[in-house]
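So this block is structure_20.cif, mmCIF, C-alpha atoms:
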```cif
data_structure
#
loop_
_atom_site.group_PDB
_atom_site.id
_atom_site.type_symbol
_atom_site.label_atom_id
_atom_site.label_comp_id
_atom_site.auth_asym_id
_atom_site.auth_seq_id
_atom_site.Cartn_x
_atom_site.Cartn_y
_atom_site.Cartn_z
ATOM 1 C CA MET A 1 1.982 33.960 6.551
ATOM 2 C CA THR A 2 4.985 34.463 8.843
ATOM 3 C CA ARG A 3 4.004 31.435 10.920
ATOM 4 C CA THR A 4 3.727 29.303 7.779
ATOM 5 C CA LEU A 5 7.203 30.360 6.641
ATOM 6 C CA LYS A 6 8.571 29.630 10.088
ATOM 7 C CA ASN A 7 7.034 26.129 10.100
ATOM 8 C CA THR A 8 8.389 25.501 6.616
ATOM 9 C CA ALA A 9 11.862 26.597 7.667
ATOM 10 C CA LEU A 10 11.736 24.331 10.730
ATOM 11 C CA ALA A 11 10.585 21.414 8.607
ATOM 12 C CA LEU A 12 13.575 21.904 6.302
ATOM 13 C CA VAL A 13 16.165 21.950 9.078
ATOM 14 C CA LEU A 14 16.460 18.182 9.530
ATOM 15 C CA PRO A 15 16.539 17.318 5.773
ATOM 16 C CA VAL A 16 19.241 19.964 5.188
ATOM 17 C CA LEU A 17 21.313 18.644 8.085
ATOM 18 C CA LEU A 18 20.978 15.073 6.825
ATOM 19 C CA LEU A 19 22.035 16.112 3.318
ATOM 20 C CA ALA A 20 25.015 17.984 4.725
ATOM 21 C CA LEU A 21 26.008 14.964 6.804
ATOM 22 C CA TRP A 22 25.652 12.691 3.781
ATOM 23 C CA GLN A 23 27.816 14.957 1.619
ATOM 24 C CA SER A 24 30.456 15.210 4.317
ATOM 25 C CA GLN A 25 30.679 11.417 4.489
ATOM 26 C CA ALA A 26 30.914 11.158 0.695
ATOM 27 C CA MET A 27 33.804 13.626 0.609
ATOM 28 C CA LYS A 28 35.963 11.527 2.950
ATOM 29 C CA GLY A 29 36.873 9.167 0.130
ATOM 30 C CA GLY A 30 37.745 5.474 0.390
ATOM 31 C CA ALA A 31 35.022 3.245 1.810
ATOM 32 C CA HIS A 32 32.920 6.311 2.617
ATOM 33 C CA ALA A 33 32.767 7.289 -1.058
ATOM 34 C CA TYR A 34 31.633 3.740 -1.851
ATOM 35 C CA ALA A 35 28.817 3.793 0.723
ATOM 36 C CA PHE A 36 27.822 7.468 0.369
ATOM 37 C CA ALA A 37 27.536 8.679 -3.212
ATOM 38 C CA PRO A 38 28.088 12.453 -3.596
ATOM 39 C CA LEU A 39 24.911 14.460 -3.994
ATOM 40 C CA ASP A 40 25.956 15.704 -7.439
ATOM 41 C CA ASP A 41 26.366 12.085 -8.612
ATOM 42 C CA ILE A 42 22.901 11.280 -7.314
ATOM 43 C CA ALA A 43 21.463 14.308 -9.119
ATOM 44 C CA ARG A 44 23.200 13.328 -12.371
ATOM 45 C CA SER A 45 21.920 9.759 -12.090
ATOM 46 C CA PHE A 46 18.396 11.028 -11.543
ATOM 47 C CA ILE A 47 18.580 13.278 -14.606
ATOM 48 C CA THR A 48 20.017 10.461 -16.726
ATOM 49 C CA MET A 49 17.423 7.902 -15.585
ATOM 50 C CA ALA A 50 14.600 10.378 -16.059
ATOM 51 C CA SER A 51 15.738 11.473 -19.518
ATOM 52 C CA ASP A 52 16.408 8.012 -20.970
ATOM 53 C CA GLY A 53 13.126 6.554 -19.658
ATOM 54 C CA THR A 54 14.698 4.099 -17.212
ATOM 55 C CA LEU A 55 13.060 5.672 -14.178
ATOM 56 C CA PHE A 56 9.649 5.784 -15.842
ATOM 57 C CA LEU A 57 9.944 2.161 -16.964
ATOM 58 C CA HIS A 58 10.680 0.808 -13.503
ATOM 59 C CA SER A 59 8.337 3.185 -11.662
ATOM 60 C CA SER A 60 5.399 2.382 -13.938
ATOM 61 C CA ALA A 61 6.084 -1.365 -13.647
ATOM 62 C CA SER A 62 6.057 -1.192 -9.842
ATOM 63 C CA LEU A 63 2.975 1.030 -9.785
ATOM 64 C CA GLN A 64 1.070 -1.233 -12.168
ATOM 65 C CA ARG A 65 1.998 -4.300 -10.118
ATOM 66 C CA ALA A 66 0.927 -2.669 -6.845
ATOM 67 C CA LEU A 67 -2.400 -1.366 -8.157
ATOM 68 C CA SER A 68 -3.233 -4.622 -9.957
ATOM 69 C CA ALA A 69 -2.616 -6.552 -6.744
ATOM 70 C CA LEU A 70 -4.710 -4.023 -4.808
ATOM 71 C CA VAL A 71 -7.642 -4.557 -7.175
ATOM 72 C CA ILE A 72 -7.349 -8.348 -7.069
ATOM 73 C CA GLY A 73 -6.662 -8.805 -3.361
ATOM 74 C CA GLY A 74 -8.782 -5.878 -2.219
ATOM 75 C CA THR A 75 -11.856 -6.876 -4.220
ATOM 76 C CA THR A 76 -11.582 -10.466 -3.019
ATOM 77 C CA GLY A 77 -11.160 -9.277 0.560
ATOM 78 C CA ILE A 78 -14.215 -7.003 0.401
ATOM 79 C CA VAL A 79 -16.415 -9.732 -1.077
ATOM 80 C CA VAL A 80 -15.274 -12.337 1.448
ATOM 81 C CA GLY A 81 -15.518 -9.828 4.305
ATOM 82 C CA CYS A 82 -19.086 -8.907 3.351
ATOM 83 C CA ALA A 83 -20.050 -12.578 3.165
ATOM 84 C CA MET A 84 -18.477 -13.276 6.554
ATOM 85 C CA GLY A 85 -20.201 -10.278 8.090
ATOM 86 C CA VAL A 86 -23.608 -11.312 6.793
ATOM 87 C CA PHE A 87 -23.512 -15.101 7.084
ATOM 88 C CA ARG A 88 -22.610 -16.256 10.573
ATOM 89 C CA PRO A 89 -21.806 -19.898 9.640
ATOM 90 C CA LEU A 90 -19.282 -18.705 7.049
ATOM 91 C CA ASP A 91 -17.757 -16.357 9.601
ATOM 92 C CA VAL A 92 -17.319 -19.174 12.136
ATOM 93 C CA THR A 93 -15.783 -21.428 9.476
ATOM 94 C CA ALA A 94 -13.501 -18.989 7.680
ATOM 95 C CA SER A 95 -12.310 -16.673 10.476
ATOM 96 C CA PRO A 96 -9.964 -19.181 12.158
ATOM 97 C CA ILE A 97 -8.343 -20.048 8.820
ATOM 98 C CA ILE A 98 -7.845 -16.417 7.781
ATOM 99 C CA ASN A 99 -6.541 -15.379 11.200
ATOM 100 C CA ALA A 100 -4.113 -18.292 11.217
ATOM 101 C CA MET A 101 -2.854 -17.582 7.684
ATOM 102 C CA ARG A 102 -2.310 -13.876 8.329
ATOM 103 C CA GLN A 103 0.176 -14.704 11.095
ATOM 104 C CA VAL A 104 2.572 -15.904 8.401
ATOM 105 C CA PRO A 105 4.624 -12.981 7.010
ATOM 106 C CA ILE A 106 4.065 -12.399 3.311
ATOM 107 C CA LEU A 107 7.670 -13.301 2.544
ATOM 108 C CA GLY A 108 7.131 -16.519 4.508
ATOM 109 C CA TRP A 109 5.025 -17.733 1.596
ATOM 110 C CA LEU A 110 7.842 -17.010 -0.829
ATOM 111 C CA PRO A 111 9.411 -20.530 -0.985
ATOM 112 C CA LEU A 112 6.042 -22.188 -1.658
ATOM 113 C CA VAL A 113 4.919 -19.585 -4.190
ATOM 114 C CA ALA A 114 8.294 -19.776 -5.955
ATOM 115 C CA LEU A 115 7.955 -23.568 -6.120
ATOM 116 C CA TRP A 116 4.497 -23.301 -7.653
ATOM 117 C CA PHE A 117 4.860 -20.274 -9.939
ATOM 118 C CA GLY A 118 8.592 -19.626 -10.295
ATOM 119 C CA ASN A 119 9.938 -16.095 -9.872
ATOM 120 C CA GLY A 120 7.978 -14.333 -12.600
ATOM 121 C CA ASP A 121 5.188 -11.773 -12.507
ATOM 122 C CA ASP A 122 2.542 -14.328 -11.464
ATOM 123 C CA ALA A 123 4.416 -15.084 -8.251
ATOM 124 C CA LYS A 124 4.908 -11.374 -7.504
ATOM 125 C CA LEU A 125 1.261 -10.585 -8.142
ATOM 126 C CA LEU A 126 0.078 -13.435 -5.916
ATOM 127 C CA LEU A 127 2.246 -12.397 -2.977
ATOM 128 C CA VAL A 128 1.311 -8.716 -3.215
ATOM 129 C CA SER A 129 -2.385 -9.571 -3.638
ATOM 130 C CA LEU A 130 -2.182 -11.675 -0.492
ATOM 131 C CA SER A 131 -0.814 -8.675 1.417
ATOM 132 C CA THR A 132 -3.852 -6.608 0.383
ATOM 133 C CA PHE A 133 -6.383 -9.346 1.112
ATOM 134 C CA TYR A 134 -6.005 -9.479 4.885
ATOM 135 C CA PRO A 135 -6.631 -5.814 5.800
ATOM 136 C CA THR A 136 -9.611 -5.526 3.463
ATOM 137 C CA VAL A 137 -11.308 -8.757 4.551
ATOM 138 C CA LEU A 138 -10.863 -8.051 8.269
ATOM 139 C CA ASN A 139 -11.973 -4.414 8.124
ATOM 140 C CA THR A 140 -14.944 -5.219 5.890
ATOM 141 C CA GLN A 141 -16.006 -8.049 8.179
ATOM 142 C CA GLN A 142 -15.793 -5.752 11.203
ATOM 143 C CA GLY A 143 -17.681 -2.983 9.417
ATOM 144 C CA MET A 144 -20.543 -5.292 8.460
ATOM 145 C CA ARG A 145 -20.799 -6.519 12.041
ATOM 146 C CA VAL A 146 -21.168 -3.152 13.747
ATOM 147 C CA VAL A 147 -24.164 -1.818 11.804
ATOM 148 C CA ASP A 148 -26.326 0.320 14.083
ATOM 149 C CA ARG A 149 -29.265 -1.762 15.359
ATOM 150 C CA LYS A 150 -31.558 1.261 15.057
ATOM 151 C CA LEU A 151 -30.876 1.461 11.324
ATOM 152 C CA GLY A 152 -31.808 -2.193 11.007
ATOM 153 C CA GLU A 153 -35.071 -1.517 12.803
ATOM 154 C CA ILE A 154 -35.822 1.312 10.355
ATOM 155 C CA GLY A 155 -35.266 -1.102 7.474
ATOM 156 C CA THR A 156 -37.665 -3.570 9.040
ATOM 157 C CA LEU A 157 -40.208 -0.785 9.555
ATOM 158 C CA TYR A 158 -40.068 0.082 5.854
ATOM 159 C CA GLY A 159 -40.267 -3.549 4.813
ATOM 160 C CA PHE A 160 -36.806 -3.754 3.234
ATOM 161 C CA SER A 161 -35.816 -7.062 1.748
ATOM 162 C CA ARG A 162 -32.525 -8.670 2.827
ATOM 163 C CA TRP A 163 -30.807 -7.313 -0.288
ATOM 164 C CA GLN A 164 -32.201 -3.804 0.245
ATOM 165 C CA SER A 165 -31.065 -3.821 3.872
ATOM 166 C CA LEU A 166 -27.616 -4.910 2.785
ATOM 167 C CA ARG A 167 -27.355 -2.316 0.009
ATOM 168 C CA LEU A 168 -29.044 0.645 1.689
ATOM 169 C CA ILE A 169 -28.159 0.169 5.362
ATOM 170 C CA ALA A 170 -25.352 -2.303 6.032
ATOM 171 C CA TRP A 171 -22.999 -1.297 3.205
ATOM 172 C CA PRO A 172 -23.142 2.516 3.782
ATOM 173 C CA SER A 173 -22.644 1.932 7.508
ATOM 174 C CA ALA A 174 -19.659 -0.322 6.887
ATOM 175 C CA LEU A 175 -18.109 1.914 4.202
ATOM 176 C CA PRO A 176 -15.826 3.954 6.533
ATOM 177 C CA GLN A 177 -14.352 0.730 7.897
ATOM 178 C CA VAL A 178 -14.049 -0.719 4.392
ATOM 179 C CA LEU A 179 -12.138 2.356 3.229
ATOM 180 C CA THR A 180 -9.854 2.041 6.239
ATOM 181 C CA GLY A 181 -9.064 -1.487 5.079
ATOM 182 C CA ILE A 182 -8.370 -0.281 1.548
ATOM 183 C CA SER A 183 -6.090 2.455 2.892
ATOM 184 C CA GLN A 184 -4.082 -0.137 4.811
ATOM 185 C CA ALA A 185 -4.080 -2.460 1.820
ATOM 186 C CA LEU A 186 -2.709 0.308 -0.402
ATOM 187 C CA ALA A 187 0.259 0.823 1.920
ATOM 188 C CA PHE A 188 0.860 -2.928 2.226
ATOM 189 C CA SER A 189 0.589 -3.331 -1.532
ATOM 190 C CA TRP A 190 3.280 -0.745 -2.233
ATOM 191 C CA ILE A 191 5.626 -2.097 0.432
ATOM 192 C CA ALA A 192 5.126 -5.703 -0.642
ATOM 193 C CA THR A 193 5.653 -4.801 -4.293
ATOM 194 C CA ILE A 194 9.094 -3.374 -3.627
ATOM 195 C CA GLY A 195 9.889 -6.318 -1.350
ATOM 196 C CA VAL A 196 9.053 -9.020 -3.886
ATOM 197 C CA GLU A 197 10.897 -7.119 -6.615
ATOM 198 C CA LEU A 198 14.007 -7.110 -4.458
ATOM 199 C CA LEU A 199 13.748 -10.883 -4.086
ATOM 200 C CA PHE A 200 12.349 -11.789 -7.531
ATOM 201 C CA SER A 201 14.428 -9.599 -9.836
ATOM 202 C CA ALA A 202 13.258 -11.130 -13.087
ATOM 203 C CA SER A 203 11.383 -8.180 -14.608
ATOM 204 C CA ALA A 204 11.139 -4.390 -14.479
ATOM 205 C CA GLY A 205 10.501 -2.616 -11.193
ATOM 206 C CA LEU A 206 12.124 -0.226 -8.750
ATOM 207 C CA GLY A 207 13.142 -3.100 -6.495
ATOM 208 C CA THR A 208 14.717 -4.894 -9.443
ATOM 209 C CA GLU A 209 16.652 -1.764 -10.385
ATOM 210 C CA MET A 210 17.892 -1.390 -6.814
ATOM 211 C CA MET A 211 19.210 -4.953 -6.798
ATOM 212 C CA ALA A 212 20.975 -4.402 -10.118
ATOM 213 C CA ALA A 213 22.488 -1.185 -8.753
ATOM 214 C CA GLN A 214 23.698 -3.014 -5.650
ATOM 215 C CA VAL A 215 25.500 -5.590 -7.781
ATOM 216 C CA ALA A 216 27.096 -2.787 -9.793
ATOM 217 C CA ALA A 217 27.999 -0.838 -6.610
ATOM 218 C CA ARG A 218 25.942 2.158 -7.818
ATOM 219 C CA THR A 219 24.868 3.777 -4.561
ATOM 220 C CA ASP A 220 23.663 6.809 -6.487
ATOM 221 C CA ILE A 221 21.087 4.744 -8.399
ATOM 222 C CA ILE A 222 19.985 2.994 -5.214
ATOM 223 C CA ILE A 223 19.307 6.369 -3.578
ATOM 224 C CA VAL A 224 17.378 7.599 -6.608
ATOM 225 C CA CYS A 225 15.157 4.497 -6.491
ATOM 226 C CA ILE A 226 14.623 4.790 -2.724
ATOM 227 C CA VAL A 227 13.571 8.426 -3.029
ATOM 228 C CA CYS A 228 11.263 7.513 -5.901
ATOM 229 C CA VAL A 229 9.665 4.749 -3.807
ATOM 230 C CA ALA A 230 9.117 7.151 -0.909
ATOM 231 C CA VAL A 231 7.657 9.937 -3.059
ATOM 232 C CA MET A 232 5.345 7.620 -4.997
ATOM 233 C CA GLY A 233 4.124 5.955 -1.796
ATOM 234 C CA PHE A 234 3.409 9.347 -0.240
ATOM 235 C CA ILE A 235 1.510 10.524 -3.317
ATOM 236 C CA LEU A 236 -0.579 7.335 -3.432
ATOM 237 C CA ASN A 237 -1.580 7.751 0.207
ATOM 238 C CA GLN A 238 -2.436 11.420 -0.255
ATOM 239 C CA LEU A 239 -4.554 10.722 -3.330
ATOM 240 C CA PHE A 240 -6.474 8.009 -1.512
ATOM 241 C CA ALA A 241 -6.995 10.304 1.477
ATOM 242 C CA ILE A 242 -8.574 12.876 -0.864
ATOM 243 C CA LEU A 243 -10.765 10.178 -2.415
ATOM 244 C CA ARG A 244 -11.812 8.936 1.018
ATOM 245 C CA ARG A 245 -12.857 12.441 2.109
ATOM 246 C CA ARG A 246 -14.936 12.847 -1.037
ATOM 247 C CA VAL A 247 -16.635 9.465 -0.665
ATOM 248 C CA LEU A 248 -17.364 10.073 3.032
ATOM 249 C CA ARG A 249 -18.261 13.759 2.701
ATOM 250 C CA TRP A 250 -21.610 12.952 4.376
ATOM 251 C CA GLN A 251 -19.921 11.500 7.458
ATOM 252 C CA ALA A 252 -19.462 14.778 9.340
ATOM 253 C CA ALA A 253 -23.198 15.440 9.087
#
```

Turn the structure described in the file into structure tokens.
Amino acid sequence: MTRTLKNTALALVLPVLLLALWQSQAMKGGAHAYAFAPLDDIARSFITMASDGTLFLHSSASLQRALSALVIGGTTGIVVGCAMGVFRPLDVTASPIINAMRQVPILGWLPLVALWFGNGDDAKLLLVSLSTFYPTVLNTQQGMRVVDRKLGEIGTLYGFSRWQSLRLIAWPSALPQVLTGISQALAFSWIATIGVELLFSASAGLGTEMMAAQVAARTDIIIVCIVCVAVMGFILNQLFAILRRRVLRWQAA
């Protein structure tokens, strides 16, 4: 118990020092007060945004956008990755295209997507979905490729059809790698969501609120949104880690 308290105290040292440094800069006045909002102003802004529903509105919009893109891009990536892992001709044909496209940063597609779809929700969803597609397709493809040869021989011994081998041998073997791809896609989805909201500020979202706060010189609101982004991203990753452990609870055995 004493060791736990000691570790907790050590973990709090740096955050407390950073908060103290921030407050000291805010108290200098002038340009410092503009760039560093006092901690009490930040706390008041958080309470106001939480009580009037503003924080929930923008947080839920960003979360919905990120998860929707994860479902769309992740599902597409898993299906394509499975197909590439199973069918060699498709792998040879599609791999060069996918590997070439993934070299382009997600925001590098922004001018073309904006030209096609404008700056509305469709454009945001497409860009974020694209960010989730690459990690899922590549990890799924790799997982389907590295199935243990001995397991394949067991399937042949039992007379499994191609579909049975895929469902009962290849997919369970590839599942850890697939979940690794989804974990990466979840992080990319959240990051890309905030990024496209900062650039396409046409609807609700934490990124949109940050841009509006920048225009209004409201550093306190910007900090509230940044903290909210960090906390929500951390919670999403922790929840998926719990889900992954439950799904792969047989792996240790």

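Going from CA of Ser129 (chain A) to CA of Gly73 (chain A) covers 4.4 Å.
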
Hey, could you pull the box centre and edge lengths for region 57-73 of chain A, axis-aligned, 4 Å padding per side, all listed atoms, to one decimal in Å, as AutoDock Vina command-line options?
```
--center_x 1.5 --center_y -2.8 --center_z -10.2 --size_x 26.3 --size_y 20.0 --size_z 21.6
```

* To do: Choose the residue, out of A:Ser68, A:Thr93, A:Ser59, A:Gln177, that has the smallest atom-to-atom separation from Gly207 (chain A); count only C-alpha atoms.
  => A:Ser59

* Show which residues sit within 10 Å of Thr208 (chain A), as a list in words. Count all atoms listed in the file, and ignore same-chain residues fewer than 2 positions away. => His58, Ser62, Ile194, Gly195, Val196, Glu197, Leu198, Leu199, Phe200, Ser201, Ala202, Ser203, Ala204, Gly205, Leu206, Met210, Met211, Ala212, Ala213, Gln214 and Cys225 of chain A

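Minimum atom-to-atom distances from A:Met101, A:Ala187, A:Val79, A:Met27 to Leu236 (chain A) were compared using all atoms listed in the file, and the lowest value belongs to A:Ala187.
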
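Between CA of Phe234 (chain A) and CA of Asp220 (chain A) lies a distance of 21.3 Å.
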
* To do: Name every residue that the PyMOL selection byres ((chain A and resi 95) around 12) selects in this structure, writing the answer as a ChimeraX atom specification with chains first and numbers rising.
  => /A:80-81,83-85,87-94,96-102,134,137-138,141-142

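Note that the spacing between CA of Ile47 (chain A) and CA of Trp190 (chain A) amounts to 24.2 Å.
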
Fewer than 5 positions away in the same chain doesn't count, so skip those; otherwise give me all residues within 9 Å of Val71 (chain A), counting all atoms listed in the file, as an mmCIF file with C-alpha atoms, keeping the file's coordinate frame.
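Final file, selection.cif:
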```
data_model
loop_
_atom_site.group_PDB
_atom_site.id
_atom_site.type_symbol
_atom_site.label_atom_id
_atom_site.label_comp_id
_atom_site.auth_asym_id
_atom_site.auth_seq_id
_atom_site.Cartn_x
_atom_site.Cartn_y
_atom_site.Cartn_z
ATOM 1 C CA ALA A 66 0.927 -2.669 -6.845
ATOM 2 C CA THR A 76 -11.582 -10.466 -3.019
ATOM 3 C CA SER A 129 -2.385 -9.571 -3.638
ATOM 4 C CA THR A 132 -3.852 -6.608 0.383
#
```

Missing atoms in region 75-86 of chain A need filling: write out all heavy atoms for it as a PDB file, in the coordinates of the input.
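Printed below is rebuild07.pdb as written:
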```pdb
ATOM      1  N   THR A  75     -10.496  -6.484  -3.821  1.00  0.00           N
ATOM      2  CA  THR A  75     -11.856  -6.876  -4.220  1.00  0.00           C
ATOM      3  C   THR A  75     -12.240  -8.212  -3.591  1.00  0.00           C
ATOM      4  O   THR A  75     -13.347  -8.378  -3.066  1.00  0.00           O
ATOM      5  CB  THR A  75     -11.951  -6.968  -5.749  1.00  0.00           C
ATOM      6  OG1 THR A  75     -11.610  -5.700  -6.324  1.00  0.00           O
ATOM      7  CG2 THR A  75     -13.358  -7.359  -6.180  1.00  0.00           C
ATOM      8  N   THR A  76     -11.323  -9.171  -3.642  1.00  0.00           N
ATOM      9  CA  THR A  76     -11.582 -10.466  -3.019  1.00  0.00           C
ATOM     10  C   THR A  76     -11.822 -10.316  -1.530  1.00  0.00           C
ATOM     11  O   THR A  76     -12.742 -10.927  -0.964  1.00  0.00           O
ATOM     12  CB  THR A  76     -10.392 -11.423  -3.260  1.00  0.00           C
ATOM     13  OG1 THR A  76     -10.123 -11.514  -4.653  1.00  0.00           O
ATOM     14  CG2 THR A  76     -10.691 -12.808  -2.705  1.00  0.00           C
ATOM     15  N   GLY A  77     -11.003  -9.486  -0.876  1.00  0.00           N
ATOM     16  CA  GLY A  77     -11.160  -9.277   0.560  1.00  0.00           C
ATOM     17  C   GLY A  77     -12.484  -8.633   0.917  1.00  0.00           C
ATOM     18  O   GLY A  77     -13.128  -9.016   1.906  1.00  0.00           O
ATOM     19  N   ILE A  78     -12.933  -7.661   0.125  1.00  0.00           N
ATOM     20  CA  ILE A  78     -14.215  -7.003   0.401  1.00  0.00           C
ATOM     21  C   ILE A  78     -15.377  -7.977   0.230  1.00  0.00           C
ATOM     22  O   ILE A  78     -16.287  -8.032   1.062  1.00  0.00           O
ATOM     23  CB  ILE A  78     -14.385  -5.778  -0.512  1.00  0.00           C
ATOM     24  CG1 ILE A  78     -13.387  -4.683  -0.122  1.00  0.00           C
ATOM     25  CG2 ILE A  78     -15.808  -5.232  -0.437  1.00  0.00           C
ATOM     26  CD1 ILE A  78     -13.355  -3.506  -1.070  1.00  0.00           C
ATOM     27  N   VAL A  79     -15.338  -8.765  -0.840  1.00  0.00           N
ATOM     28  CA  VAL A  79     -16.415  -9.732  -1.077  1.00  0.00           C
ATOM     29  C   VAL A  79     -16.469 -10.764   0.041  1.00  0.00           C
ATOM     30  O   VAL A  79     -17.540 -11.057   0.603  1.00  0.00           O
ATOM     31  CB  VAL A  79     -16.217 -10.424  -2.448  1.00  0.00           C
ATOM     32  CG1 VAL A  79     -17.212 -11.572  -2.607  1.00  0.00           C
ATOM     33  CG2 VAL A  79     -16.386  -9.418  -3.579  1.00  0.00           C
ATOM     34  N   VAL A  80     -15.312 -11.330   0.384  1.00  0.00           N
ATOM     35  CA  VAL A  80     -15.274 -12.337   1.448  1.00  0.00           C
ATOM     36  C   VAL A  80     -15.654 -11.717   2.789  1.00  0.00           C
ATOM     37  O   VAL A  80     -16.389 -12.325   3.581  1.00  0.00           O
ATOM     38  CB  VAL A  80     -13.871 -12.982   1.523  1.00  0.00           C
ATOM     39  CG1 VAL A  80     -13.769 -13.925   2.717  1.00  0.00           C
ATOM     40  CG2 VAL A  80     -13.559 -13.740   0.243  1.00  0.00           C
ATOM     41  N   GLY A  81     -15.183 -10.499   3.052  1.00  0.00           N
ATOM     42  CA  GLY A  81     -15.518  -9.828   4.305  1.00  0.00           C
ATOM     43  C   GLY A  81     -17.013  -9.548   4.433  1.00  0.00           C
ATOM     44  O   GLY A  81     -17.585  -9.709   5.515  1.00  0.00           O
ATOM     45  N   CYS A  82     -17.634  -9.124   3.342  1.00  0.00           N
ATOM     46  CA  CYS A  82     -19.086  -8.907   3.351  1.00  0.00           C
ATOM     47  C   CYS A  82     -19.823 -10.209   3.638  1.00  0.00           C
ATOM     48  O   CYS A  82     -20.767 -10.250   4.446  1.00  0.00           O
ATOM     49  CB  CYS A  82     -19.540  -8.340   2.009  1.00  0.00           C
ATOM     50  SG  CYS A  82     -19.189  -6.588   1.766  1.00  0.00           S
ATOM     51  N   ALA A  83     -19.404 -11.277   2.965  1.00  0.00           N
ATOM     52  CA  ALA A  83     -20.050 -12.578   3.165  1.00  0.00           C
ATOM     53  C   ALA A  83     -19.892 -13.052   4.604  1.00  0.00           C
ATOM     54  O   ALA A  83     -20.844 -13.569   5.216  1.00  0.00           O
ATOM     55  CB  ALA A  83     -19.466 -13.604   2.193  1.00  0.00           C
ATOM     56  N   MET A  84     -18.705 -12.857   5.176  1.00  0.00           N
ATOM     57  CA  MET A  84     -18.477 -13.276   6.554  1.00  0.00           C
ATOM     58  C   MET A  84     -19.269 -12.419   7.536  1.00  0.00           C
ATOM     59  O   MET A  84     -19.707 -12.903   8.589  1.00  0.00           O
ATOM     60  CB  MET A  84     -16.981 -13.201   6.871  1.00  0.00           C
ATOM     61  CG  MET A  84     -16.140 -14.238   6.148  1.00  0.00           C
ATOM     62  SD  MET A  84     -14.353 -13.945   6.323  1.00  0.00           S
ATOM     63  CE  MET A  84     -14.159 -14.087   8.108  1.00  0.00           C
ATOM     64  N   GLY A  85     -19.445 -11.152   7.214  1.00  0.00           N
ATOM     65  CA  GLY A  85     -20.201 -10.278   8.090  1.00  0.00           C
ATOM     66  C   GLY A  85     -21.686 -10.542   8.067  1.00  0.00           C
ATOM     67  O   GLY A  85     -22.386 -10.285   9.052  1.00  0.00           O
ATOM     68  N   VAL A  86     -22.167 -11.070   6.953  1.00  0.00           N
ATOM     69  CA  VAL A  86     -23.608 -11.312   6.793  1.00  0.00           C
ATOM     70  C   VAL A  86     -23.993 -12.727   7.212  1.00  0.00           C
ATOM     71  O   VAL A  86     -25.013 -12.931   7.883  1.00  0.00           O
ATOM     72  CB  VAL A  86     -24.030 -11.044   5.340  1.00  0.00           C
ATOM     73  CG1 VAL A  86     -25.482 -11.458   5.115  1.00  0.00           C
ATOM     74  CG2 VAL A  86     -23.844  -9.572   4.994  1.00  0.00           C
TER      75      VAL A  86
END
```
